[in-house]
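As provided, model-v1.cif (mmCIF, C-alpha atoms) reads as follows.
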```cif
data_structure
#
loop_
_atom_site.group_PDB
_atom_site.id
_atom_site.type_symbol
_atom_site.label_atom_id
_atom_site.label_comp_id
_atom_site.auth_asym_id
_atom_site.auth_seq_id
_atom_site.Cartn_x
_atom_site.Cartn_y
_atom_site.Cartn_z
ATOM 1 C CA MET A 1 107.300 79.168 108.739
ATOM 2 C CA THR A 2 103.883 77.668 109.297
ATOM 3 C CA GLY A 3 101.494 78.526 106.527
ATOM 4 C CA ALA A 4 104.098 80.641 104.803
ATOM 5 C CA PHE A 5 102.743 83.465 102.637
ATOM 6 C CA ARG A 6 99.125 82.434 102.829
ATOM 7 C CA PHE A 7 98.251 86.103 102.891
ATOM 8 C CA HIS A 8 98.852 85.890 99.126
ATOM 9 C CA THR A 9 95.357 84.799 98.165
ATOM 10 C CA SER A 10 94.775 82.640 95.119
ATOM 11 C CA GLU A 11 93.661 85.519 92.897
ATOM 12 C CA TRP A 12 96.892 87.485 93.396
ATOM 13 C CA LEU A 13 99.048 84.432 92.899
ATOM 14 C CA THR A 14 97.164 83.632 89.712
ATOM 15 C CA GLY A 15 97.516 87.180 88.434
ATOM 16 C CA GLY A 16 101.267 87.003 89.014
ATOM 17 C CA VAL A 17 101.566 83.704 87.152
ATOM 18 C CA HIS A 18 99.500 85.088 84.255
ATOM 19 C CA PHE A 19 101.761 88.135 84.117
ATOM 20 C CA LEU A 20 104.890 85.960 83.970
ATOM 21 C CA ILE A 21 103.410 83.835 81.186
ATOM 22 C CA LEU A 22 102.477 86.916 79.159
ATOM 23 C CA ALA A 23 105.896 88.505 79.758
ATOM 24 C CA PHE A 24 107.605 85.334 78.555
ATOM 25 C CA ALA A 25 105.439 85.195 75.425
ATOM 26 C CA LEU A 26 106.096 88.856 74.605
ATOM 27 C CA GLN A 27 109.834 88.503 75.079
ATOM 28 C CA ALA A 28 109.939 85.420 72.904
ATOM 29 C CA GLU A 29 108.813 87.476 69.879
ATOM 30 C CA ASP A 30 107.679 84.262 68.225
ATOM 31 C CA PRO A 31 103.972 83.833 67.342
ATOM 32 C CA ALA A 32 104.332 80.070 67.776
ATOM 33 C CA VAL A 33 104.706 80.587 71.523
ATOM 34 C CA TRP A 34 101.246 82.114 72.025
ATOM 35 C CA PRO A 35 99.120 78.942 71.777
ATOM 36 C CA TYR A 36 101.225 77.354 74.516
ATOM 37 C CA ALA A 37 101.180 80.524 76.629
ATOM 38 C CA LEU A 38 97.397 80.782 76.417
ATOM 39 C CA ALA A 39 97.030 77.096 77.189
ATOM 40 C CA ALA A 40 99.216 77.567 80.265
ATOM 41 C CA MET A 41 97.062 80.515 81.369
ATOM 42 C CA ALA A 42 93.953 78.382 80.943
ATOM 43 C CA VAL A 43 95.429 75.633 83.131
ATOM 44 C CA VAL A 44 96.414 78.127 85.853
ATOM 45 C CA SER A 45 92.936 79.690 85.785
ATOM 46 C CA PHE A 46 91.288 76.271 86.019
ATOM 47 C CA PHE A 47 93.063 75.417 89.266
ATOM 48 C CA ALA A 48 92.502 78.955 90.582
ATOM 49 C CA TRP A 49 88.791 78.568 89.796
ATOM 50 C CA ILE A 50 88.709 75.351 91.824
ATOM 51 C CA ALA A 51 90.345 77.105 94.806
ATOM 52 C CA SER A 52 88.059 80.158 94.686
ATOM 53 C CA TYR A 53 84.901 78.150 94.049
ATOM 54 C CA ARG A 54 85.712 75.792 96.916
ATOM 55 C CA ARG A 55 86.015 78.741 99.286
ATOM 56 C CA TYR A 56 82.841 80.339 97.957
ATOM 57 C CA ARG A 57 80.788 77.149 98.396
ATOM 58 C CA THR A 58 82.150 76.566 101.896
ATOM 59 C CA ILE A 59 81.256 80.090 103.014
ATOM 60 C CA HIS A 60 77.892 79.999 101.259
ATOM 61 C CA ASP A 61 76.757 76.529 102.345
ATOM 62 C CA LEU A 62 78.006 76.291 105.924
ATOM 63 C CA PRO A 63 75.503 77.726 108.423
ATOM 64 C CA THR A 64 76.801 80.041 111.115
ATOM 65 C CA SER A 65 76.867 78.379 114.545
ATOM 66 C CA ARG A 66 76.768 79.935 117.989
ATOM 67 C CA VAL A 67 79.724 79.023 120.171
ATOM 68 C CA ALA A 68 77.616 77.631 123.022
ATOM 69 C CA SER A 69 75.533 75.366 120.784
ATOM 70 C CA ALA A 70 77.960 74.500 117.985
ATOM 71 C CA ALA A 71 78.208 70.835 117.039
ATOM 72 C CA GLN A 72 81.518 69.039 117.366
ATOM 73 C CA GLY A 73 83.211 69.027 113.973
ATOM 74 C CA TYR A 74 83.432 71.383 111.008
ATOM 75 C CA VAL A 75 81.704 74.702 111.755
ATOM 76 C CA GLU A 76 81.441 78.379 110.866
ATOM 77 C CA LEU A 77 81.621 80.958 113.661
ATOM 78 C CA PHE A 78 81.214 84.723 113.649
ATOM 79 C CA GLY A 79 81.924 87.161 116.451
ATOM 80 C CA ARG A 80 84.723 89.428 117.621
ATOM 81 C CA SER A 81 88.390 88.753 118.324
ATOM 82 C CA GLU A 82 89.767 89.069 121.843
ATOM 83 C CA LEU A 83 93.055 88.338 123.596
ATOM 84 C CA LEU A 84 93.346 85.406 125.972
ATOM 85 C CA PRO A 85 93.668 86.727 129.535
ATOM 86 C CA GLY A 86 97.299 86.573 130.609
ATOM 87 C CA HIS A 87 98.525 85.748 127.086
ATOM 88 C CA PRO A 88 99.433 89.058 125.404
ATOM 89 C CA VAL A 89 100.389 88.962 121.742
ATOM 90 C CA VAL A 90 102.514 91.826 120.411
ATOM 91 C CA SER A 91 103.238 92.436 116.749
ATOM 92 C CA ARG A 92 106.884 91.782 115.931
ATOM 93 C CA LEU A 93 107.328 94.916 113.803
ATOM 94 C CA SER A 94 104.958 97.642 114.997
ATOM 95 C CA GLY A 95 104.753 96.479 118.611
ATOM 96 C CA LEU A 96 100.955 96.741 118.648
ATOM 97 C CA PRO A 97 98.900 94.454 120.906
ATOM 98 C CA CYS A 98 97.052 92.085 118.585
ATOM 99 C CA CYS A 99 95.429 88.666 118.345
ATOM 100 C CA TRP A 100 97.467 87.583 115.330
ATOM 101 C CA PHE A 101 100.189 89.006 113.092
ATOM 102 C CA ARG A 102 102.144 88.153 109.998
ATOM 103 C CA TYR A 103 105.033 90.137 108.582
ATOM 104 C CA TYR A 104 107.907 90.139 106.185
ATOM 105 C CA THR A 105 110.884 92.403 105.732
ATOM 106 C CA GLU A 106 112.647 93.147 102.449
ATOM 107 C CA ARG A 107 115.984 94.811 101.725
ATOM 108 C CA LYS A 108 116.808 96.852 98.629
ATOM 109 C CA THR A 109 119.636 95.285 96.650
ATOM 110 C CA ALA A 110 122.367 96.954 94.631
ATOM 111 C CA ASP A 111 120.290 96.577 91.442
ATOM 112 C CA ASP A 112 117.373 98.426 93.095
ATOM 113 C CA LYS A 113 115.255 95.313 93.693
ATOM 114 C CA TRP A 114 113.678 94.049 96.887
ATOM 115 C CA GLU A 115 114.726 90.748 98.434
ATOM 116 C CA GLN A 116 113.102 89.142 101.450
ATOM 117 C CA VAL A 117 115.338 88.933 104.511
ATOM 118 C CA ASP A 118 112.902 88.043 107.288
ATOM 119 C CA SER A 119 109.334 86.890 107.818
ATOM 120 C CA GLY A 120 107.185 85.523 110.586
ATOM 121 C CA ILE A 121 103.712 84.573 111.725
ATOM 122 C CA SER A 122 102.159 84.246 115.154
ATOM 123 C CA THR A 123 100.625 80.970 116.298
ATOM 124 C CA GLU A 124 99.518 82.063 119.771
ATOM 125 C CA HIS A 125 95.953 81.289 120.757
ATOM 126 C CA PHE A 126 93.296 83.984 121.023
ATOM 127 C CA LEU A 127 89.526 84.163 121.428
ATOM 128 C CA LEU A 128 86.462 84.420 119.225
ATOM 129 C CA VAL A 129 83.582 85.771 121.299
ATOM 130 C CA ASP A 130 79.903 85.879 120.348
ATOM 131 C CA ALA A 131 76.722 86.522 122.319
ATOM 132 C CA SER A 132 76.600 82.909 123.547
ATOM 133 C CA GLY A 133 80.168 82.348 124.700
ATOM 134 C CA GLU A 134 83.813 82.237 123.685
ATOM 135 C CA CYS A 135 86.008 79.879 121.684
ATOM 136 C CA VAL A 136 89.794 79.556 121.752
ATOM 137 C CA ILE A 137 91.277 79.940 118.265
ATOM 138 C CA SER A 138 94.456 78.027 117.425
ATOM 139 C CA PRO A 139 95.568 79.856 114.239
ATOM 140 C CA ASP A 140 98.392 77.462 113.347
ATOM 141 C CA GLY A 141 97.876 76.392 109.725
ATOM 142 C CA ALA A 142 95.024 78.821 109.029
ATOM 143 C CA GLU A 143 94.501 80.816 105.867
ATOM 144 C CA VAL A 144 94.156 84.294 107.356
ATOM 145 C CA LEU A 145 92.625 87.134 105.357
ATOM 146 C CA SER A 146 93.254 90.431 107.080
ATOM 147 C CA GLU A 147 92.150 93.843 105.879
ATOM 148 C CA ARG A 148 94.550 95.466 108.368
ATOM 149 C CA LYS A 149 97.751 95.811 106.331
ATOM 150 C CA GLN A 150 100.600 98.277 106.797
ATOM 151 C CA THR A 151 103.699 98.831 104.671
ATOM 152 C CA TRP A 152 106.517 101.230 105.501
ATOM 153 C CA THR A 153 110.185 101.744 104.682
ATOM 154 C CA GLN A 154 113.162 102.421 106.923
ATOM 155 C CA GLY A 155 116.291 103.198 104.979
ATOM 156 C CA ASP A 156 116.984 100.253 102.679
ATOM 157 C CA TYR A 157 114.366 98.071 104.362
ATOM 158 C CA ARG A 158 110.667 97.710 103.592
ATOM 159 C CA HIS A 159 108.316 96.172 106.155
ATOM 160 C CA THR A 160 104.852 94.736 105.554
ATOM 161 C CA GLU A 161 102.548 93.633 108.338
ATOM 162 C CA TRP A 162 99.066 92.112 108.631
ATOM 163 C CA LEU A 163 97.146 92.146 111.925
ATOM 164 C CA LEU A 164 94.001 90.833 113.555
ATOM 165 C CA LEU A 165 93.269 93.345 116.304
ATOM 166 C CA PRO A 166 91.315 92.802 119.525
ATOM 167 C CA LYS A 167 87.608 93.717 119.463
ATOM 168 C CA GLY A 168 87.499 93.430 115.680
ATOM 169 C CA VAL A 169 85.125 91.440 113.507
ATOM 170 C CA LEU A 170 86.209 87.804 113.298
ATOM 171 C CA TYR A 171 84.892 85.163 110.914
ATOM 172 C CA ALA A 172 86.192 81.622 111.298
ATOM 173 C CA ILE A 173 85.761 78.226 109.656
ATOM 174 C CA GLY A 174 87.498 75.199 111.121
ATOM 175 C CA GLU A 175 87.298 72.105 113.305
ATOM 176 C CA PHE A 176 85.393 72.796 116.509
ATOM 177 C CA SER A 177 85.809 70.718 119.652
ATOM 178 C CA THR A 178 85.030 71.097 123.324
ATOM 179 C CA ILE A 179 88.017 70.377 125.544
ATOM 180 C CA SER A 180 87.543 69.104 129.063
ATOM 181 C CA GLY A 181 91.039 70.100 130.133
ATOM 182 C CA ASN A 182 92.324 66.514 130.003
ATOM 183 C CA ILE A 183 95.922 66.465 128.787
ATOM 184 C CA THR A 184 95.325 63.262 126.842
ATOM 185 C CA GLU A 185 92.982 65.144 124.506
ATOM 186 C CA LEU A 186 95.996 66.976 123.082
ATOM 187 C CA ASP A 187 97.572 64.618 120.541
ATOM 188 C CA GLU A 188 101.265 65.539 120.575
ATOM 189 C CA ARG A 189 102.341 63.024 117.938
ATOM 190 C CA ALA A 190 99.685 64.116 115.457
ATOM 191 C CA ASP A 191 100.379 67.805 116.061
ATOM 192 C CA VAL A 192 104.140 67.310 115.576
ATOM 193 C CA SER A 193 103.426 65.479 112.318
ATOM 194 C CA ASP A 194 101.123 68.290 111.167
ATOM 195 C CA LEU A 195 103.728 70.930 112.020
ATOM 196 C CA LEU A 196 106.499 69.090 110.140
ATOM 197 C CA THR A 197 104.178 68.773 107.148
ATOM 198 C CA GLU A 198 103.640 72.521 107.200
ATOM 199 C CA TRP A 199 107.397 73.149 107.370
ATOM 200 C CA LYS A 200 107.979 70.898 104.352
ATOM 201 C CA LYS A 201 105.761 73.169 102.259
ATOM 202 C CA ASP A 202 108.348 75.962 102.578
ATOM 203 C CA LYS A 203 111.525 74.117 101.603
ATOM 204 C CA ASN A 204 113.720 77.215 101.468
ATOM 205 C CA ARG A 205 112.914 78.174 105.039
ATOM 206 C CA LEU A 206 113.245 74.557 106.159
ATOM 207 C CA LEU A 207 116.756 74.454 104.680
ATOM 208 C CA ALA A 208 117.637 77.807 106.219
ATOM 209 C CA ARG A 209 116.692 76.526 109.665
ATOM 210 C CA PHE A 210 117.975 72.951 109.640
ATOM 211 C CA ASP A 211 120.432 72.418 106.758
ATOM 212 C CA LEU A 212 123.492 72.701 108.987
ATOM 213 C CA ASN A 213 126.074 71.597 106.413
ATOM 214 C CA ARG A 214 124.501 73.736 103.666
ATOM 215 C CA ASP A 215 124.405 70.930 101.083
ATOM 216 C CA GLY A 216 120.878 71.784 99.969
ATOM 217 C CA GLU A 217 119.343 68.677 101.547
ATOM 218 C CA ILE A 218 117.979 67.657 104.933
ATOM 219 C CA ASP A 219 119.771 64.493 106.041
ATOM 220 C CA LEU A 220 118.628 62.117 108.780
ATOM 221 C CA LYS A 221 120.497 63.946 111.542
ATOM 222 C CA GLU A 222 119.158 67.329 110.449
ATOM 223 C CA TRP A 223 115.643 65.937 110.144
ATOM 224 C CA GLU A 224 115.866 64.610 113.682
ATOM 225 C CA LEU A 225 116.805 68.109 114.838
ATOM 226 C CA ALA A 226 113.778 69.463 112.979
ATOM 227 C CA ARG A 227 111.545 66.852 114.604
ATOM 228 C CA LEU A 228 112.837 67.735 118.070
ATOM 229 C CA GLN A 229 112.269 71.434 117.413
ATOM 230 C CA ALA A 230 108.730 70.716 116.219
ATOM 231 C CA GLN A 231 108.137 68.661 119.357
ATOM 232 C CA ARG A 232 109.327 71.547 121.545
ATOM 233 C CA GLU A 233 107.057 74.015 119.753
ATOM 234 C CA VAL A 234 104.040 71.697 119.996
ATOM 235 C CA ARG A 235 104.633 71.121 123.703
ATOM 236 C CA GLN A 236 104.869 74.868 124.247
ATOM 237 C CA ARG A 237 101.586 75.425 122.405
ATOM 238 C CA HIS A 238 99.916 72.647 124.375
ATOM 239 C CA SER A 239 101.197 74.193 127.574
ATOM 240 C CA GLU A 240 99.835 77.588 126.561
ATOM 241 C CA GLY A 241 96.527 76.034 125.581
ATOM 242 C CA ARG A 242 96.229 74.183 128.887
ATOM 243 C CA ALA A 243 96.979 77.370 130.777
ATOM 244 C CA ALA A 244 93.903 78.924 129.177
ATOM 245 C CA VAL A 245 91.732 75.818 129.247
ATOM 246 C CA THR A 246 89.212 75.064 131.915
ATOM 247 C CA GLU A 247 86.505 72.436 131.748
ATOM 248 C CA GLY A 248 84.156 72.965 128.845
ATOM 249 C CA VAL A 249 86.371 75.351 126.879
ATOM 250 C CA HIS A 250 85.743 75.372 123.130
ATOM 251 C CA LEU A 251 88.593 75.202 120.593
ATOM 252 C CA LEU A 252 88.701 75.900 116.856
ATOM 253 C CA ARG A 253 91.720 74.651 114.921
ATOM 254 C CA LYS A 254 92.919 73.298 111.579
ATOM 255 C CA PRO A 255 90.755 70.386 110.347
ATOM 256 C CA ARG A 256 92.657 67.119 110.248
ATOM 257 C CA ASP A 257 90.935 66.091 107.004
ATOM 258 C CA GLY A 258 92.472 68.975 105.035
ATOM 259 C CA ARG A 259 89.329 71.063 104.670
ATOM 260 C CA LEU A 260 89.486 74.843 104.577
ATOM 261 C CA PHE A 261 90.677 76.533 107.773
ATOM 262 C CA LEU A 262 89.871 80.215 107.352
ATOM 263 C CA LEU A 263 90.119 83.242 109.627
ATOM 264 C CA ALA A 264 89.148 86.724 108.446
ATOM 265 C CA ASN A 265 88.320 90.131 109.869
ATOM 266 C CA ALA A 266 85.508 90.635 107.356
ATOM 267 C CA LEU A 267 81.802 89.885 107.104
ATOM 268 C CA PRO A 268 81.000 86.472 105.573
ATOM 269 C CA GLU A 269 78.758 88.077 102.937
ATOM 270 C CA LYS A 270 81.679 90.196 101.718
ATOM 271 C CA LEU A 271 84.003 87.201 101.633
ATOM 272 C CA GLY A 272 81.427 85.161 99.731
ATOM 273 C CA ARG A 273 81.005 87.874 97.098
ATOM 274 C CA ARG A 274 84.761 88.198 96.780
ATOM 275 C CA PHE A 275 85.355 84.508 96.136
ATOM 276 C CA ALA A 276 82.312 84.297 93.829
ATOM 277 C CA PHE A 277 83.702 87.162 91.722
ATOM 278 C CA TRP A 278 87.139 85.597 91.406
ATOM 279 C CA SER A 279 85.611 82.205 90.709
ATOM 280 C CA TRP A 280 83.666 83.567 87.736
ATOM 281 C CA LEU A 281 86.658 85.593 86.515
ATOM 282 C CA HIS A 282 88.951 82.553 86.574
ATOM 283 C CA LEU A 283 86.312 80.541 84.733
ATOM 284 C CA VAL A 284 86.031 83.197 82.012
ATOM 285 C CA VAL A 285 89.819 83.278 81.590
ATOM 286 C CA PHE A 286 89.927 79.466 81.504
ATOM 287 C CA PHE A 287 87.384 79.187 78.684
ATOM 288 C CA GLY A 288 88.591 82.305 76.850
ATOM 289 C CA ALA A 289 92.300 81.527 76.889
ATOM 290 C CA GLY A 290 91.613 77.849 76.243
ATOM 291 C CA ALA A 291 89.389 78.533 73.240
ATOM 292 C CA ILE A 292 91.849 80.974 71.647
ATOM 293 C CA SER A 293 94.677 78.542 72.254
ATOM 294 C CA LEU A 294 92.794 75.762 70.473
ATOM 295 C CA LEU A 295 92.039 78.053 67.536
ATOM 296 C CA LEU A 296 95.710 78.992 67.221
ATOM 297 C CA PHE A 297 96.744 75.345 67.327
ATOM 298 C CA LEU A 298 94.403 74.510 64.442
#
```
Go ahead and express the file in the form of structure tokens.
Amino acid sequence: MTGAFRFHTSEWLTGGVHFLILAFALQAEDPAVWPYALAAMAVVSFFAWIASYRRYRTIHDLPTSRVASAAQGYVELFGRSELLPGHPVVSRLSGLPCCWFRYYTERKTADDKWEQVDSGISTEHFLLVDASGECVISPDGAEVLSERKQTWTQGDYRHTEWLLLPKGVLYAIGEFSTISGNITELDERADVSDLLTEWKKDKNRLLARFDLNRDGEIDLKEWELARLQAQREVRQRHSEGRAAVTEGVHLLRKPRDGRLFLLANALPEKLGRRFAFWSWLHLVVFFGAGAISLLLFL
């Protein structure tokens, strides 16, 4: 799944890792474990600080551009989300019309725990509209922060869904380009490579889709099947994009240089404060846990 589980922002991932480290140290019942546990927490917080601070600086430093006058390249846009005419997107679980969705489904096991059985994310294009014009958003590979979250249970199943709804606030950072409608401007080879790279990041799902002999590895034949599937998906997306593209249409997509690609249904000021808070918190934990760990080692 492209961009699997990016709805888990860095702060929640870090909190989960910290909890596991503390649980391990408590279960060990050996004081000698604590210096190592605190050192591990410090390392986790250091990398989490880098992630949060990077997002904060990007949001803080990048000026907001208007769609009609935005420069080609890395930009920040702010407007409202809208559906592409003739390209309806419907949430897989709730069936609501939306611009983007992500979901996962869990099933309760015999030992009363939840295990994931299904998940998905939409990659269909939609629009960001401001007072100056409109820009097609290609959400494939984006880190999407959505405040529209729903969780409900049906029997032994629990469903969780995130949505970006039409006519909602939309903040976006990514690579901006103006497409003339020329097919050659869509780089199929590069997009297939990018999609395969995304799939590799979720090895379990990659194996579930393409490990035909179930040996836990992707052999050459299976990889060729994965490449062909990626090619089909890219061609479909290009076809959908061309159907919506006329001369002079603007497109925002994942930067090829690896910089942050962010979509959110929140005001940029709120996002900036959020990442600034978590950046400082991670830094405090890094220095605090690190200092105590050093003292215990001495």
Give me the residues near range 259-265 of chain A as a short mmCIF file (atom, residue, chain, number, x, y, z; two decimals) with C-alpha atoms, in the coordinates of the input, where near means some atom within 6 Å (using all atoms listed in the file) and where sequence neighbours in that chain fewer than 3 positions away do not count.
```
data_model
loop_
_atom_site.label_atom_id
_atom_site.label_comp_id
_atom_site.auth_asym_id
_atom_site.auth_seq_id
_atom_site.Cartn_x
_atom_site.Cartn_y
_atom_site.Cartn_z
CA ALA A 142 95.02 78.82 109.03
CA GLU A 143 94.50 80.82 105.87
CA VAL A 144 94.16 84.29 107.36
CA LEU A 145 92.62 87.13 105.36
CA SER A 146 93.25 90.43 107.08
CA VAL A 169 85.12 91.44 113.51
CA LEU A 170 86.21 87.80 113.30
CA TYR A 171 84.89 85.16 110.91
CA ALA A 172 86.19 81.62 111.30
CA ILE A 173 85.76 78.23 109.66
CA GLY A 174 87.50 75.20 111.12
CA LYS A 254 92.92 73.30 111.58
CA PRO A 255 90.76 70.39 110.35
#
```
One residue among A:Ala131, A:Gln236, A:Lys200, A:Pro35 is nearest to Ala68 in chain A when using only C-alpha atoms, and that residue is A:Ala131
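Picture a line from CA of Leu228 in chain A to CA of Ser193 in chain A; it runs 11.3 Å.
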Given the PyMOL selection byres ((chain A and resi 108-118) around 12), the residues it picks as a VMD selection string: chain A and resid 1 4 to 5 92 to 93 102 to 107 119 to 121 153 to 161 204 to 205 208
Could you tell me which residues the PyMOL selection byres ((chain A and resi 46) around 10) grabs in this file, written as a ChimeraX atom specification? /A:40-45,47-51,279,282-287,290
Mind working out the centre and edge lengths of an axis-aligned box for range 84-100 of chain A, all listed atoms inside, 5 Å added to each side, rounded to one decimal in Å and written as AutoDock Vina command-line options?
```
--center_x 100.3 --center_y 91.5 --center_z 122.2 --size_x 24.0 --size_y 22.2 --size_z 26.8
```
Picked residues, the PyMOL selection byres ((chain A and resi 20-28) around 12), expected as a PyMOL selection string: chain A and resi 13-19+29-44+289
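Here CA of Phe277 in chain A stands at a distance of 25.2 Å from CA of Gln150 in chain A.
For the pair CA of Phe126 in chain A and CA of Gly79 in chain A, the separation is 12.7 Å.
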Please, which residues are within 9 Å of (91.8, 72.8, 113.8) by the file's coordinates, counting all atoms listed in the file, and could they come as a PyMOL selection string? chain A and resi 74+137-142+174-177+251-256+261
Given only C-alpha atoms as the counted atoms, nearest of A:Asp257, A:Thr151, A:Ser94, A:Thr178 to Ala71 in chain A: A:Thr178
Given the choices A:Gly272, A:Leu164, A:Lys203, A:Pro97, which gets closest to Asp61 in chain A if the distance is worked out from all atoms listed in the file? A:Gly272
Please list as a PyMOL selection string every residue within 10 Å of Pro88 in chain A, counting only C-alpha atoms and excluding residues in the same chain fewer than 2 positions away. chain A and resi 83-86+90+97-99+124-126
Counting only C-alpha atoms, the residue of A:Ile179, A:Val129, A:Ala291, A:Leu267 that sits nearest Glu147 in chain A: A:Leu267
I'd like the contact shell of Ala276 in chain A - 8 Å cut-off, all atoms listed in the file, skipping same-chain residues fewer than 5 positions apart - returned as number ranges by chain. A: 52-53, 56
Counting all atoms listed in the file, closest pick from A:Trp223, A:Phe210, A:Asp202, A:Pro268 relative to Pro63 in chain A is A:Pro268
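Nearest to Asp191 in chain A of all the residues A:Arg66, A:His60, A:His238, A:Arg55 is A:His238, based on only C-alpha atoms.
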Output file request: range 25-89 of chain A, with C-alpha atoms, as a PDB file, in the first residue's frame.
```
ATOM      1  CA  ALA A  25      12.687  -2.341  31.356  1.00  0.00           C
ATOM      2  CA  LEU A  26       9.953  -2.833  33.960  1.00  0.00           C
ATOM      3  CA  GLN A  27       9.489  -6.484  33.083  1.00  0.00           C
ATOM      4  CA  ALA A  28      13.206  -7.118  33.243  1.00  0.00           C
ATOM      5  CA  GLU A  29      13.223  -6.273  36.975  1.00  0.00           C
ATOM      6  CA  ASP A  30      16.945  -5.622  36.725  1.00  0.00           C
ATOM      7  CA  PRO A  31      18.277  -2.115  37.524  1.00  0.00           C
ATOM      8  CA  ALA A  32      21.161  -2.689  35.109  1.00  0.00           C
ATOM      9  CA  VAL A  33      18.708  -2.500  32.211  1.00  0.00           C
ATOM     10  CA  TRP A  34      17.635   1.100  32.879  1.00  0.00           C
ATOM     11  CA  PRO A  35      20.720   2.930  31.547  1.00  0.00           C
ATOM     12  CA  TYR A  36      20.327   1.113  28.231  1.00  0.00           C
ATOM     13  CA  ALA A  37      16.562   1.686  28.164  1.00  0.00           C
ATOM     14  CA  LEU A  38      16.973   5.412  28.775  1.00  0.00           C
ATOM     15  CA  ALA A  39      19.715   5.609  26.174  1.00  0.00           C
ATOM     16  CA  ALA A  40      17.404   3.911  23.675  1.00  0.00           C
ATOM     17  CA  MET A  41      14.643   6.410  24.500  1.00  0.00           C
ATOM     18  CA  ALA A  42      17.083   9.263  23.952  1.00  0.00           C
ATOM     19  CA  VAL A  43      18.042   7.906  20.523  1.00  0.00           C
ATOM     20  CA  VAL A  44      14.383   7.497  19.502  1.00  0.00           C
ATOM     21  CA  SER A  45      13.581  11.037  20.669  1.00  0.00           C
ATOM     22  CA  PHE A  46      16.556  12.444  18.763  1.00  0.00           C
ATOM     23  CA  PHE A  47      15.325  11.078  15.440  1.00  0.00           C
ATOM     24  CA  ALA A  48      11.739  12.077  16.280  1.00  0.00           C
ATOM     25  CA  TRP A  49      12.984  15.604  17.021  1.00  0.00           C
ATOM     26  CA  ILE A  50      14.632  15.728  13.595  1.00  0.00           C
ATOM     27  CA  ALA A  51      11.370  14.657  11.907  1.00  0.00           C
ATOM     28  CA  SER A  52       9.181  17.124  13.826  1.00  0.00           C
ATOM     29  CA  TYR A  53      11.634  20.005  13.527  1.00  0.00           C
ATOM     30  CA  ARG A  54      11.998  19.428   9.790  1.00  0.00           C
ATOM     31  CA  ARG A  55       8.235  19.676   9.362  1.00  0.00           C
ATOM     32  CA  TYR A  56       8.025  22.744  11.583  1.00  0.00           C
ATOM     33  CA  ARG A  57      10.755  24.597   9.659  1.00  0.00           C
ATOM     34  CA  THR A  58       9.220  23.694   6.302  1.00  0.00           C
ATOM     35  CA  ILE A  59       5.796  24.993   7.327  1.00  0.00           C
ATOM     36  CA  HIS A  60       7.254  28.065   9.013  1.00  0.00           C
ATOM     37  CA  ASP A  61       9.754  29.079   6.324  1.00  0.00           C
ATOM     38  CA  LEU A  62       7.903  28.325   3.093  1.00  0.00           C
ATOM     39  CA  PRO A  63       5.727  31.251   1.961  1.00  0.00           C
ATOM     40  CA  THR A  64       2.192  30.514   0.845  1.00  0.00           C
ATOM     41  CA  SER A  65       1.778  30.802  -2.934  1.00  0.00           C
ATOM     42  CA  ARG A  66      -1.325  31.493  -4.981  1.00  0.00           C
ATOM     43  CA  VAL A  67      -2.109  28.810  -7.533  1.00  0.00           C
ATOM     44  CA  ALA A  68      -2.148  31.184 -10.510  1.00  0.00           C
ATOM     45  CA  SER A  69       1.214  32.762  -9.688  1.00  0.00           C
ATOM     46  CA  ALA A  70       3.079  29.913  -7.992  1.00  0.00           C
ATOM     47  CA  ALA A  71       6.621  29.265  -9.187  1.00  0.00           C
ATOM     48  CA  GLN A  72       7.505  25.909 -10.684  1.00  0.00           C
ATOM     49  CA  GLY A  73       9.065  23.765  -7.974  1.00  0.00           C
ATOM     50  CA  TYR A  74       8.613  23.310  -4.235  1.00  0.00           C
ATOM     51  CA  VAL A  75       5.669  25.365  -2.944  1.00  0.00           C
ATOM     52  CA  GLU A  76       3.084  25.774  -0.200  1.00  0.00           C
ATOM     53  CA  LEU A  77      -0.575  26.176  -1.174  1.00  0.00           C
ATOM     54  CA  PHE A  78      -3.675  26.854   0.892  1.00  0.00           C
ATOM     55  CA  GLY A  79      -7.291  26.723  -0.206  1.00  0.00           C
ATOM     56  CA  ARG A  80     -10.193  24.289  -0.187  1.00  0.00           C
ATOM     57  CA  SER A  81     -10.497  20.716  -1.424  1.00  0.00           C
ATOM     58  CA  GLU A  82     -12.799  19.868  -4.316  1.00  0.00           C
ATOM     59  CA  LEU A  83     -13.555  16.810  -6.436  1.00  0.00           C
ATOM     60  CA  LEU A  84     -12.381  16.635 -10.031  1.00  0.00           C
ATOM     61  CA  PRO A  85     -15.405  16.910 -12.337  1.00  0.00           C
ATOM     62  CA  GLY A  86     -16.336  13.462 -13.603  1.00  0.00           C
ATOM     63  CA  HIS A  87     -13.961  11.701 -11.185  1.00  0.00           C
ATOM     64  CA  PRO A  88     -15.982  10.816  -8.063  1.00  0.00           C
ATOM     65  CA  VAL A  89     -14.109   9.356  -5.115  1.00  0.00           C
TER      66      VAL A  89
END
```
